[in-house]
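Novice: Take a look at my_file_22.csv, CSV, C-alpha atoms:
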```csv
chain,number,residue,atom,x,y,z
A,168,LEU,CA,147.5,4.7,91.6
A,169,LEU,CA,146.2,8.3,91.7
A,170,ASN,CA,148.2,10.6,89.6
A,171,ILE,CA,148.7,14.0,91.3
A,172,ASN,CA,150.5,17.0,89.8
A,173,VAL,CA,151.5,19.6,92.4
A,174,GLY,CA,153.1,22.7,91.0
A,175,GLY,CA,154.5,20.8,88.0
A,176,LYS,CA,155.8,17.8,90.0
A,177,LEU,CA,154.1,14.4,89.6
A,178,PHE,CA,153.3,12.2,92.6
A,179,GLN,CA,151.6,8.8,92.6
A,180,ILE,CA,149.7,7.5,95.6
A,181,ALA,CA,147.7,4.2,95.9
A,182,TYR,CA,143.9,4.5,96.3
A,183,LYS,CA,143.9,2.0,99.1
A,184,VAL,CA,146.3,4.3,101.1
A,185,LEU,CA,144.2,7.5,100.4
A,186,VAL,CA,140.9,6.0,101.5
A,187,GLN,CA,142.4,5.4,105.0
A,188,TYR,CA,142.1,9.2,105.5
A,189,PRO,CA,138.7,10.0,104.1
A,190,ILE,CA,138.4,13.5,105.6
A,191,THR,CA,141.5,14.7,103.8
A,192,ARG,CA,141.3,16.4,100.4
A,193,LEU,CA,143.1,13.5,98.6
A,194,GLY,CA,141.0,10.9,100.6
A,195,LYS,CA,137.8,12.5,99.3
A,196,LEU,CA,139.3,12.6,95.8
A,197,ALA,CA,139.9,8.9,96.0
A,198,LEU,CA,136.4,8.1,97.4
A,199,TYR,CA,134.3,10.3,95.2
A,200,THR,CA,132.8,8.9,92.0
A,201,ASP,CA,131.1,12.0,90.7
A,202,PRO,CA,133.5,13.8,88.3
A,203,VAL,CA,132.0,17.2,89.2
A,204,LYS,CA,132.8,16.8,92.9
A,205,LYS,CA,136.3,15.6,92.0
A,206,LEU,CA,136.9,18.8,89.9
A,207,GLN,CA,135.8,20.9,92.9
A,208,LEU,CA,138.7,19.4,94.9
A,209,CYS,CA,141.4,20.2,92.5
A,210,ASP,CA,142.5,23.2,90.3
A,211,ASP,CA,142.5,21.3,87.0
A,212,TYR,CA,142.3,17.8,85.5
A,213,LEU,CA,144.5,16.6,82.6
A,214,VAL,CA,142.5,14.1,80.7
A,215,GLN,CA,145.3,12.8,78.5
A,216,LYS,CA,147.6,12.0,81.4
A,217,ASN,CA,144.8,11.3,83.9
A,218,GLU,CA,146.4,13.8,86.3
A,219,TYR,CA,144.7,16.0,88.9
A,220,PHE,CA,146.5,19.3,89.0
A,221,PHE,CA,147.0,21.4,92.2
A,222,ASP,CA,148.5,24.8,92.1
A,223,ARG,CA,150.3,24.5,95.4
A,224,ASP,CA,153.8,24.4,96.8
A,225,PRO,CA,155.4,21.1,95.7
A,226,SER,CA,158.2,21.4,98.3
A,227,ILE,CA,155.7,21.2,101.2
A,228,PHE,CA,153.7,18.5,99.5
A,229,HIS,CA,156.7,16.2,99.9
A,230,TYR,CA,155.8,16.1,103.6
A,231,ILE,CA,152.1,15.5,102.7
A,232,PHE,CA,153.2,12.7,100.4
A,233,HIS,CA,155.4,11.1,103.1
A,234,PHE,CA,152.5,11.3,105.5
A,235,TYR,CA,150.3,9.2,103.2
A,236,ARG,CA,153.1,6.6,102.8
A,237,SER,CA,154.1,6.4,106.5
A,238,GLY,CA,151.2,7.8,108.5
A,239,VAL,CA,153.6,10.4,110.2
A,240,LEU,CA,153.7,14.1,109.3
A,241,TRP,CA,157.1,15.5,109.3
A,242,VAL,CA,157.7,19.1,110.5
A,243,MET,CA,161.0,20.7,109.6
A,244,ASP,CA,162.5,23.7,111.5
A,245,GLU,CA,163.3,25.6,108.3
A,246,MET,CA,159.7,25.8,107.2
A,247,CYS,CA,157.6,28.9,107.8
A,248,PRO,CA,155.0,28.0,110.4
A,249,SER,CA,152.2,30.1,108.9
A,250,ASN,CA,152.8,28.7,105.4
A,251,PHE,CA,153.0,25.2,106.6
A,252,VAL,CA,149.7,25.5,108.6
A,253,GLU,CA,148.0,27.0,105.6
A,254,GLU,CA,149.2,24.1,103.3
A,255,ILE,CA,148.2,21.3,105.7
A,256,GLU,CA,144.8,22.9,106.2
A,257,TYR,CA,144.3,23.0,102.5
A,258,TRP,CA,145.1,19.3,102.2
A,259,GLY,CA,142.8,18.6,105.2
A,260,ILE,CA,145.6,17.1,107.4
A,261,HIS,CA,145.7,17.9,111.1
A,262,LEU,CA,148.9,18.6,113.0
A,263,LYS,CA,148.1,15.8,115.4
A,264,TYR,CA,149.5,13.3,112.9
A,265,SER,CA,153.0,14.6,113.6
A,266,GLN,CA,155.3,13.3,116.3
A,267,ARG,CA,154.9,14.9,119.7
A,268,CYS,CA,158.4,16.2,119.8
A,269,CYS,CA,158.1,17.8,116.4
A,270,ARG,CA,154.6,19.2,117.3
A,271,ILE,CA,156.0,20.8,120.5
A,272,LEU,CA,158.8,22.5,118.7
A,273,PHE,CA,156.5,23.6,115.9
A,274,GLU,CA,154.0,25.1,118.3
A,275,GLU,CA,156.8,26.9,120.1
A,276,LYS,CA,158.0,28.4,116.8
A,277,GLN,CA,154.4,29.4,116.1
A,278,ASP,CA,154.2,31.2,119.4
A,279,GLU,CA,157.5,33.0,118.8
A,280,LEU,CA,156.3,34.1,115.3
A,281,SER,CA,153.0,35.3,116.8
A,282,GLU,CA,154.9,37.2,119.5
A,283,TYR,CA,157.2,38.7,117.0
A,284,LEU,CA,154.4,39.9,114.7
A,285,LYS,CA,152.6,41.3,117.8
A,286,ILE,CA,155.7,43.3,118.8
A,287,GLU,CA,156.2,44.5,115.3
A,288,LYS,CA,152.6,45.7,115.1
A,289,GLU,CA,153.0,47.5,118.5
A,290,LEU,CA,156.3,49.1,117.3
A,291,GLU,CA,154.5,50.4,114.3
A,292,ALA,CA,151.8,51.8,116.5
A,293,GLU,CA,154.5,53.4,118.7
A,294,LEU,CA,155.7,55.3,115.6
A,295,GLU,CA,152.3,55.9,114.1
A,296,PRO,CA,152.4,59.7,114.5
A,297,LEU,CA,155.4,59.8,112.1
A,298,GLU,CA,153.3,58.2,109.4
A,299,SER,CA,150.0,60.1,109.8
A,300,GLY,CA,150.7,63.1,107.6
A,301,ALA,CA,148.2,61.8,104.9
A,302,GLN,CA,145.3,62.1,107.4
A,303,PHE,CA,145.0,65.8,106.8
A,304,ASP,CA,144.1,65.4,103.1
A,305,GLY,CA,140.6,66.8,102.4
A,306,LYS,CA,140.1,68.3,105.9
A,307,PHE,CA,139.6,71.9,106.9
A,308,LEU,CA,142.8,73.8,106.5
A,309,GLY,CA,144.5,70.5,105.8
A,310,ARG,CA,147.6,71.9,104.2
A,311,PHE,CA,148.2,74.4,107.0
A,312,ARG,CA,147.5,71.9,109.8
A,313,LYS,CA,149.8,69.4,108.1
A,314,MET,CA,152.6,72.0,107.9
A,315,VAL,CA,152.1,72.8,111.6
A,316,TRP,CA,152.0,69.1,112.4
A,317,ASN,CA,155.3,68.4,110.6
A,318,LEU,CA,156.8,71.4,112.4
A,319,ILE,CA,155.9,70.1,115.8
A,320,GLU,CA,155.7,66.3,115.5
A,321,ASN,CA,158.3,65.4,112.8
A,322,PRO,CA,161.7,66.9,113.6
A,323,TYR,CA,163.1,65.2,110.5
A,324,SER,CA,160.9,67.1,108.1
A,325,SER,CA,162.8,70.4,108.0
A,326,VAL,CA,165.4,72.5,109.7
A,327,PRO,CA,162.8,74.6,111.6
A,328,ALA,CA,161.3,71.4,112.9
A,329,LYS,CA,164.7,70.3,114.2
A,330,ILE,CA,165.2,73.7,115.9
A,331,ILE,CA,161.8,73.4,117.6
A,332,ALA,CA,162.6,69.9,118.8
A,333,VAL,CA,165.9,71.1,120.2
A,334,MET,CA,164.2,74.1,121.8
A,335,SER,CA,161.5,71.9,123.4
A,336,SER,CA,164.2,69.7,125.1
A,337,PHE,CA,166.2,72.9,126.0
A,338,PHE,CA,163.1,74.4,127.8
A,339,VAL,CA,162.4,71.2,129.6
A,340,LEU,CA,166.0,71.2,131.0
A,341,ILE,CA,165.7,74.9,131.9
A,342,SER,CA,162.4,74.2,133.7
A,343,ILE,CA,163.9,71.4,135.7
A,344,VAL,CA,167.0,73.5,136.6
A,345,GLY,CA,164.7,76.4,137.7
A,346,MET,CA,162.7,74.0,139.9
A,347,THR,CA,165.9,72.7,141.4
A,348,LEU,CA,167.3,76.1,142.1
A,349,SER,CA,164.1,77.2,143.8
A,350,THR,CA,164.9,74.9,146.6
A,351,VAL,CA,168.4,76.3,147.2
A,352,GLU,CA,168.5,78.5,150.3
A,353,GLU,CA,170.6,81.2,148.5
A,354,MET,CA,168.0,81.6,145.8
A,355,LYS,CA,165.1,82.2,148.1
A,356,ASN,CA,165.8,85.9,148.3
A,357,LYS,CA,163.7,88.4,146.4
A,358,THR,CA,166.0,88.7,143.4
A,359,GLY,CA,166.4,84.9,143.1
A,360,LYS,CA,162.6,84.3,143.3
A,361,MET,CA,162.0,86.9,140.6
A,362,TRP,CA,164.4,85.3,138.2
A,363,ILE,CA,163.0,81.8,138.8
A,364,GLU,CA,159.4,83.1,138.4
A,365,GLN,CA,160.3,84.8,135.1
A,366,MET,CA,162.1,81.6,133.9
A,367,GLU,CA,159.1,79.5,134.9
A,368,MET,CA,156.8,81.9,133.0
A,369,ILE,CA,158.8,81.8,129.8
A,370,CYS,CA,158.9,78.0,129.9
A,371,ALA,CA,155.1,77.8,130.6
A,372,ILE,CA,154.4,80.1,127.6
A,373,PHE,CA,156.6,77.9,125.4
A,374,PHE,CA,155.0,74.7,126.6
A,375,THR,CA,151.5,76.2,126.2
A,376,SER,CA,152.2,77.4,122.7
A,377,GLU,CA,153.6,74.0,121.8
A,378,TYR,CA,150.5,72.2,123.2
A,379,LEU,CA,148.1,74.5,121.4
A,380,MET,CA,150.0,74.0,118.1
A,381,ARG,CA,149.7,70.2,118.6
A,382,LEU,CA,146.0,70.6,119.4
A,383,ILE,CA,145.3,72.7,116.3
A,384,SER,CA,147.3,70.4,114.0
A,385,SER,CA,145.8,67.2,115.3
A,386,SER,CA,143.8,65.3,112.7
A,387,SER,CA,141.6,63.7,115.4
A,388,PHE,CA,140.9,65.5,118.7
A,389,LYS,CA,139.7,62.3,120.3
A,390,ASN,CA,143.0,60.5,119.5
A,391,PHE,CA,144.9,63.6,120.6
A,392,LEU,CA,143.4,63.6,124.0
A,393,ARG,CA,144.0,59.8,124.4
A,394,ALA,CA,147.7,60.0,123.5
A,395,ALA,CA,150.1,59.5,126.4
A,396,PHE,CA,152.6,62.2,125.2
A,397,ASN,CA,149.9,64.8,124.9
A,398,ALA,CA,148.7,64.0,128.5
A,399,ILE,CA,152.3,64.6,129.6
A,400,ASP,CA,152.3,67.9,127.8
A,401,LEU,CA,149.1,68.9,129.6
A,402,VAL,CA,150.5,67.9,133.0
A,403,ALA,CA,153.6,70.0,132.2
A,404,ILE,CA,151.7,73.2,131.8
A,405,LEU,CA,148.7,72.8,134.2
A,406,PRO,CA,150.8,73.4,137.5
A,407,PHE,CA,151.8,76.9,136.4
A,408,TYR,CA,148.2,78.0,135.8
A,409,ILE,CA,146.8,76.2,138.8
A,410,GLN,CA,149.4,77.9,141.0
A,411,ILE,CA,148.4,81.3,139.5
A,412,LEU,CA,144.8,80.6,140.2
A,413,PHE,CA,145.4,79.6,143.9
A,414,GLU,CA,147.8,82.5,144.5
A,415,ASN,CA,145.3,85.1,143.1
A,416,MET,CA,142.2,83.9,145.0
A,417,ASP,CA,140.5,86.6,147.0
A,418,ASP,CA,143.0,89.2,145.6
A,419,GLY,CA,141.2,92.0,147.4
A,420,ASP,CA,141.7,90.6,150.8
A,421,MET,CA,145.4,91.4,151.4
A,422,HIS,CA,145.3,90.8,155.1
A,423,TYR,CA,144.1,87.2,154.4
A,424,HIS,CA,147.0,86.7,152.0
A,425,GLU,CA,149.5,87.9,154.6
A,426,GLU,CA,148.1,85.4,157.1
A,427,LEU,CA,148.0,82.7,154.5
A,428,HIS,CA,151.7,83.4,153.7
A,429,LYS,CA,152.6,83.0,157.3
A,430,VAL,CA,151.0,79.6,157.7
A,431,GLU,CA,151.7,78.4,154.2
A,432,ASN,CA,153.8,75.5,155.4
A,433,VAL,CA,151.1,74.1,157.6
A,434,SER,CA,147.9,75.1,155.7
A,435,LYS,CA,146.1,72.9,153.3
A,436,LEU,CA,146.4,75.4,150.6
A,437,GLY,CA,150.1,75.6,151.1
A,438,LYS,CA,150.4,71.8,150.8
A,439,VAL,CA,148.3,71.8,147.6
A,440,LEU,CA,150.6,74.5,146.1
A,441,LYS,CA,153.7,72.4,147.0
A,442,LEU,CA,152.2,69.4,145.5
A,443,ILE,CA,151.3,71.3,142.3
A,444,LYS,CA,154.8,72.7,142.1
A,445,LEU,CA,156.2,69.2,142.5
A,446,MET,CA,154.2,68.1,139.5
A,447,ARG,CA,156.5,70.1,137.3
A,448,ILE,CA,159.0,67.3,137.7
A,449,PHE,CA,156.9,65.3,135.2
A,450,ARG,CA,158.1,67.8,132.5
A,451,ILE,CA,161.2,65.7,132.2
A,452,LEU,CA,159.0,63.0,130.6
A,453,LYS,CA,158.6,65.4,127.6
A,454,LEU,CA,162.2,64.4,126.6
A,455,ALA,CA,160.9,61.0,125.7
A,456,ARG,CA,159.0,62.6,122.7
A,457,HIS,CA,162.3,63.2,120.9
A,458,SER,CA,164.5,60.5,122.6
A,459,THR,CA,164.5,57.1,120.9
A,460,GLY,CA,166.2,55.6,123.9
A,461,LEU,CA,163.5,56.7,126.4
A,462,ARG,CA,160.8,55.5,124.0
A,463,ALA,CA,162.5,52.1,123.7
A,464,PHE,CA,162.9,51.9,127.5
A,465,SER,CA,159.2,52.6,127.9
A,466,PHE,CA,158.3,50.1,125.3
A,467,THR,CA,160.5,47.5,126.9
A,468,MET,CA,158.8,47.9,130.3
A,469,ARG,CA,155.4,47.5,128.7
A,470,GLN,CA,156.4,44.4,126.9
A,471,CYS,CA,158.2,42.9,129.9
A,472,TYR,CA,155.7,43.8,132.5
A,473,GLN,CA,155.2,40.1,133.3
A,474,GLN,CA,158.9,39.5,134.1
A,475,VAL,CA,159.0,42.8,136.1
A,476,CYS,CA,155.9,41.8,138.1
A,477,CYS,CA,157.4,38.4,138.7
A,478,LEU,CA,160.7,40.0,139.9
A,479,LEU,CA,158.7,42.3,142.3
A,480,LEU,CA,156.9,39.2,143.6
A,481,PHE,CA,160.2,37.4,144.3
A,482,ILE,CA,161.5,40.5,146.0
A,483,ALA,CA,158.4,40.7,148.2
A,484,MET,CA,158.7,37.1,149.1
A,485,GLY,CA,162.3,37.5,150.0
A,486,VAL,CA,161.6,40.6,152.1
A,487,PHE,CA,159.0,38.7,154.1
A,488,THR,CA,161.0,35.5,154.4
A,489,PHE,CA,164.3,37.1,155.5
A,490,SER,CA,162.7,39.7,157.8
A,491,ALA,CA,161.0,36.8,159.6
A,492,LEU,CA,164.3,34.9,159.8
A,493,ILE,CA,166.4,37.8,161.1
A,494,HIS,CA,163.7,38.7,163.7
A,495,SER,CA,163.6,35.1,165.0
A,496,VAL,CA,167.4,35.0,165.6
A,497,GLU,CA,167.9,38.7,166.7
A,498,HIS,CA,164.9,39.7,168.7
A,499,ASP,CA,166.4,38.6,172.0
A,500,VAL,CA,169.6,40.7,171.6
A,501,PRO,CA,169.7,43.7,173.9
A,502,GLY,CA,169.3,47.0,172.0
A,503,THR,CA,168.5,45.3,168.7
A,504,ASP,CA,166.7,47.1,165.9
A,505,PHE,CA,164.9,43.9,164.9
A,506,THR,CA,162.1,44.3,167.5
A,507,SER,CA,159.4,43.1,165.1
A,508,ILE,CA,159.1,41.7,161.6
A,509,PRO,CA,157.8,45.0,160.1
A,510,TYR,CA,160.9,46.8,161.5
A,511,ALA,CA,163.1,44.2,159.8
A,512,TRP,CA,161.4,44.8,156.4
A,513,TRP,CA,163.7,47.8,155.6
A,514,TRP,CA,166.8,45.8,156.4
A,515,ALA,CA,165.6,42.9,154.2
A,516,ALA,CA,164.8,45.2,151.3
A,517,VAL,CA,168.2,47.0,151.5
A,518,SER,CA,170.0,43.7,151.7
A,519,LEU,CA,168.2,42.1,148.8
A,520,SER,CA,168.9,45.1,146.6
A,521,THR,CA,172.6,44.7,147.7
A,522,VAL,CA,172.7,48.5,148.6
A,523,GLY,CA,173.6,47.8,152.2
A,524,TYR,CA,173.3,51.2,154.0
A,525,GLY,CA,174.6,49.7,157.3
A,526,ASP,CA,172.0,51.6,159.4
A,527,THR,CA,170.7,48.2,160.7
A,528,VAL,CA,173.0,45.2,161.1
A,529,PRO,CA,172.7,41.8,162.8
A,530,ASP,CA,174.9,41.2,165.9
A,531,THR,CA,174.7,37.4,166.3
A,532,ILE,CA,176.5,34.8,164.2
A,533,LEU,CA,173.2,33.3,163.1
A,534,GLY,CA,172.0,36.7,162.1
A,535,ARG,CA,175.0,37.3,160.0
A,536,MET,CA,174.5,33.9,158.3
A,537,VAL,CA,170.9,34.9,157.5
A,538,ALA,CA,172.2,38.2,156.2
A,539,PHE,CA,174.8,36.4,153.9
A,540,VAL,CA,172.1,34.2,152.5
A,541,CYS,CA,169.8,37.2,152.0
A,542,ILE,CA,172.5,39.1,150.1
A,543,SER,CA,173.4,36.1,148.0
A,544,PHE,CA,169.8,35.6,147.1
A,545,GLY,CA,169.5,39.3,146.2
A,546,ILE,CA,172.5,39.0,143.8
A,547,ILE,CA,171.0,36.0,142.0
A,548,LEU,CA,167.6,37.6,141.9
A,549,ASN,CA,168.7,40.9,140.5
A,550,GLY,CA,170.9,39.2,137.9
A,551,MET,CA,168.2,37.0,136.5
A,552,PRO,CA,166.1,39.5,134.5
A,553,ILE,CA,168.9,41.9,133.5
A,554,SER,CA,170.0,39.9,130.4
A,555,ILE,CA,166.4,39.5,129.2
A,556,LEU,CA,165.5,43.2,129.7
A,557,TYR,CA,168.8,44.4,128.1
A,558,ASN,CA,168.5,42.1,125.1
A,559,LYS,CA,164.9,43.2,124.4
A,560,PHE,CA,165.8,46.9,125.0
A,561,SER,CA,168.7,46.6,122.5
A,562,ASP,CA,166.4,44.9,119.9
A,563,TYR,CA,163.6,47.5,120.3
A,564,TYR,CA,166.0,50.4,120.3
A,565,ALA,CA,167.6,49.2,117.0
A,566,LYS,CA,164.2,48.7,115.4
A,567,LEU,CA,162.9,52.1,116.5
A,568,LYS,CA,166.2,53.8,115.3
A,569,ALA,CA,166.1,51.9,111.9
A,570,HIS,CA,162.5,53.0,111.4
A,571,GLU,CA,163.2,56.6,112.2
A,572,THR,CA,166.2,56.5,109.9
A,573,SER,CA,164.1,55.1,107.0
A,574,GLN,CA,161.5,57.8,107.6
```
Once more with this new file: its structure as structure tokens, please.
Specialist:
Amino acid sequence: LLNINVGGKLFQIAYKVLVQYPITRLGKLALYTDPVKKLQLCDDYLVQKNEYFFDRDPSIFHYIFHFYRSGVLWVMDEMCPSNFVEEIEYWGIHLKYSQRCCRILFEEKQDELSEYLKIEKELEAELEPLESGAQFDGKFLGRFRKMVWNLIENPYSSVPAKIIAVMSSFFVLISIVGMTLSTVEEMKNKTGKMWIEQMEMICAIFFTSEYLMRLISSSSFKNFLRAAFNAIDLVAILPFYIQILFENMDDGDMHYHEELHKVENVSKLGKVLKLIKLMRIFRILKLARHSTGLRAFSFTMRQCYQQVCCLLLFIAMGVFTFSALIHSVEHDVPGTDFTSIPYAWWWAAVSLSTVGYGDTVPDTILGRMVAFVCISFGIILNGMPISILYNKFSDYYAKLKAHETSQ
């Protein structure tokens, strides 16, 4: 018998059993005759007791011990997958010696753990700006830049930082309200336009100052330009200056500007200006900087993009399938709207989403049966991913909130 001491617990295994597995650590220990090679396989050797000592976990070695006795490797659910893999690799035993059912469950648990660690890492990266204050140490104007950075990026650092965070959200809302009021007919008079323009100018000045302060306080300009939130901030202020640039081109030619104003709705420049003005709607994304819920929603969409893409694929398949079916049973009806499959796409999309505008409806009994199946399929399809997305959103939101609270 080979005497093995693992973490203070003694085990005895027959040599003839160990030599059946010559590539394992204990199999090599049983086969080697050179004492130097044997000492290289263990942590210590007790001469008086003739014991080979291993400074390893004795609780997991019970499964290794059972493997040598029975030839089957047990895998228990309560064990940590990473620790168990590390231990069996140390003893030179492959997971293939376990039963297939146990191996499948163990690999699933490994995948779950890997996915969990990956998400935790990405969550930490999501909140990395809150932990980067130490990056200013030893840099030019490091103390001043760190102070500005805390003021802009970390609303929990001081009362002025909280005030600036609230002001940022307030100006975003004011900007959106101003853009909304600019489309109201009663606000298109001279006084209304003047107030809206002044409001837009004040918001643009604040957003520009905020962006410049972030740029100055950034510890790495390269990372600053790559950050998604900073790109949103840039998109929030660019339309204002681009609009000023377009409106002041050829300032000396007043007649040209009068003609341009008359054809603004149909000219290319007028369309560009409208598109630039519409870009101001992206300012609402700035609220995500100080909103844990919006950040958790964005993170959930990024993590569940495969499920979302799969859902969109099913919707597309349903639209094509049911539009073809409804066209085949309705195209002969006089005055029908289902004159072709592309014309039936809108009806299929509306029915699958269970919105049901009622602008296009089937007239025949077969058509109504197809509509019923389409709506039923839409209910089932829309209900499938909701629980998955909601559970993940709740989990990510709780983790982000807990991390912010700890900070």
Novice: Would you work out the distance separating CA of Cys370 in chain A from CA of Ile341 in chain A, expressed in Å to one decimal?
Specialist: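 The value is 7.7 Å.
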Novice: What separation in Å, quoted to one decimal, exists between CA of Pro202 in chain A and CA of Gly174 in chain A?
Specialist: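 Between CA of Pro202 in chain A and CA of Gly174 in chain A the gap works out to 21.7 Å.
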Novice: Using only C-alpha atoms, which protein or nucleic acid residues come within 10 Å of Val500 in chain A? Drop anything in the same chain fewer than 3 positions from it, and give the result as a list in words.
Specialist: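 Within the cut-off, the hits are Val496, Glu497, Thr503, Asp504, Phe505, Thr506, Pro529, Asp530 and Thr531 of chain A.
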Novice: Please return as a PyMOL selection string every residue within 12 Å of (170.8, 37.2, 142.2), taking into account only C-alpha atoms and the file's own coordinates.
Specialist: chain A and resi 478+481-482+485+518-521+540-553
Novice: If we count all atoms listed in the file and set the cut-off at 10 Å, which residues sit around range 353-363 of chain A, ignoring sequence neighbours fewer than 6 positions away in its own chain? Please answer as a PyMOL selection string.
Specialist: chain A and resi 342+344-347+369
Novice: Hey, can you spit out that residue selection with C-alpha atoms as a tab-separated table (two decimals), in the frame of the given file?
Specialist:
```
chain	number	residue	atom	x	y	z
A	342	SER	CA	162.40	74.20	133.70
A	344	VAL	CA	167.00	73.50	136.60
A	345	GLY	CA	164.70	76.40	137.70
A	346	MET	CA	162.70	74.00	139.90
A	347	THR	CA	165.90	72.70	141.40
A	369	ILE	CA	158.80	81.80	129.80
```
Novice: Which distance in Å separates CA of Leu452 in chain A and CA of Ser554 in chain A, to one decimal?
Specialist: 25.6 Å
Novice: Counting only C-alpha atoms, which residue out of A:Tyr408, A:Tyr264, A:Tyr557, A:Phe178 sits closest to Tyr219 in chain A?
Specialist: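 For Tyr219 in chain A, the nearest of the candidates is A:Phe178.
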Novice: Using all atoms listed in the file, find the one residue out of A:Ser385, A:Asn170, A:Thr467, A:Thr191 that sits nearest to Phe307 in chain A.
Specialist: A:Ser385
Novice: Set out as a Markdown table a contact list for range 455-511 of chain A and range 558-574 of chain A with a cut-off of 9 Å, giving each residue of range 455-511 of chain A that qualifies its closest atom pair and distance in Å to one decimal, counting only C-alpha atoms, ordered by chain and rising residue number.
Specialist:
```
| residue | atom | partner | partner_atom | distance |
| --- | --- | --- | --- | --- |
| A:Thr459 | CA | A:Lys568 | CA | 6.7 |
| A:Gly460 | CA | A:Tyr564 | CA | 6.3 |
| A:Arg462 | CA | A:Tyr564 | CA | 8.2 |
| A:Ala463 | CA | A:Tyr564 | CA | 5.2 |
| A:Phe464 | CA | A:Phe560 | CA | 6.3 |
| A:Phe466 | CA | A:Tyr563 | CA | 7.7 |
| A:Thr467 | CA | A:Phe560 | CA | 5.7 |
| A:Met468 | CA | A:Phe560 | CA | 8.8 |
| A:Gln470 | CA | A:Lys559 | CA | 8.9 |
| A:Cys471 | CA | A:Lys559 | CA | 8.7 |
```
Novice: Which residues are near Leu392 in chain A? Cut-off 12 Å, only C-alpha atoms, ignore same chain within fewer than 5 positions. Put them as JSON, numbers by chain.
Specialist: {"A": [378, 381, 382, 385, 386, 387, 397, 398, 399, 400, 401]}
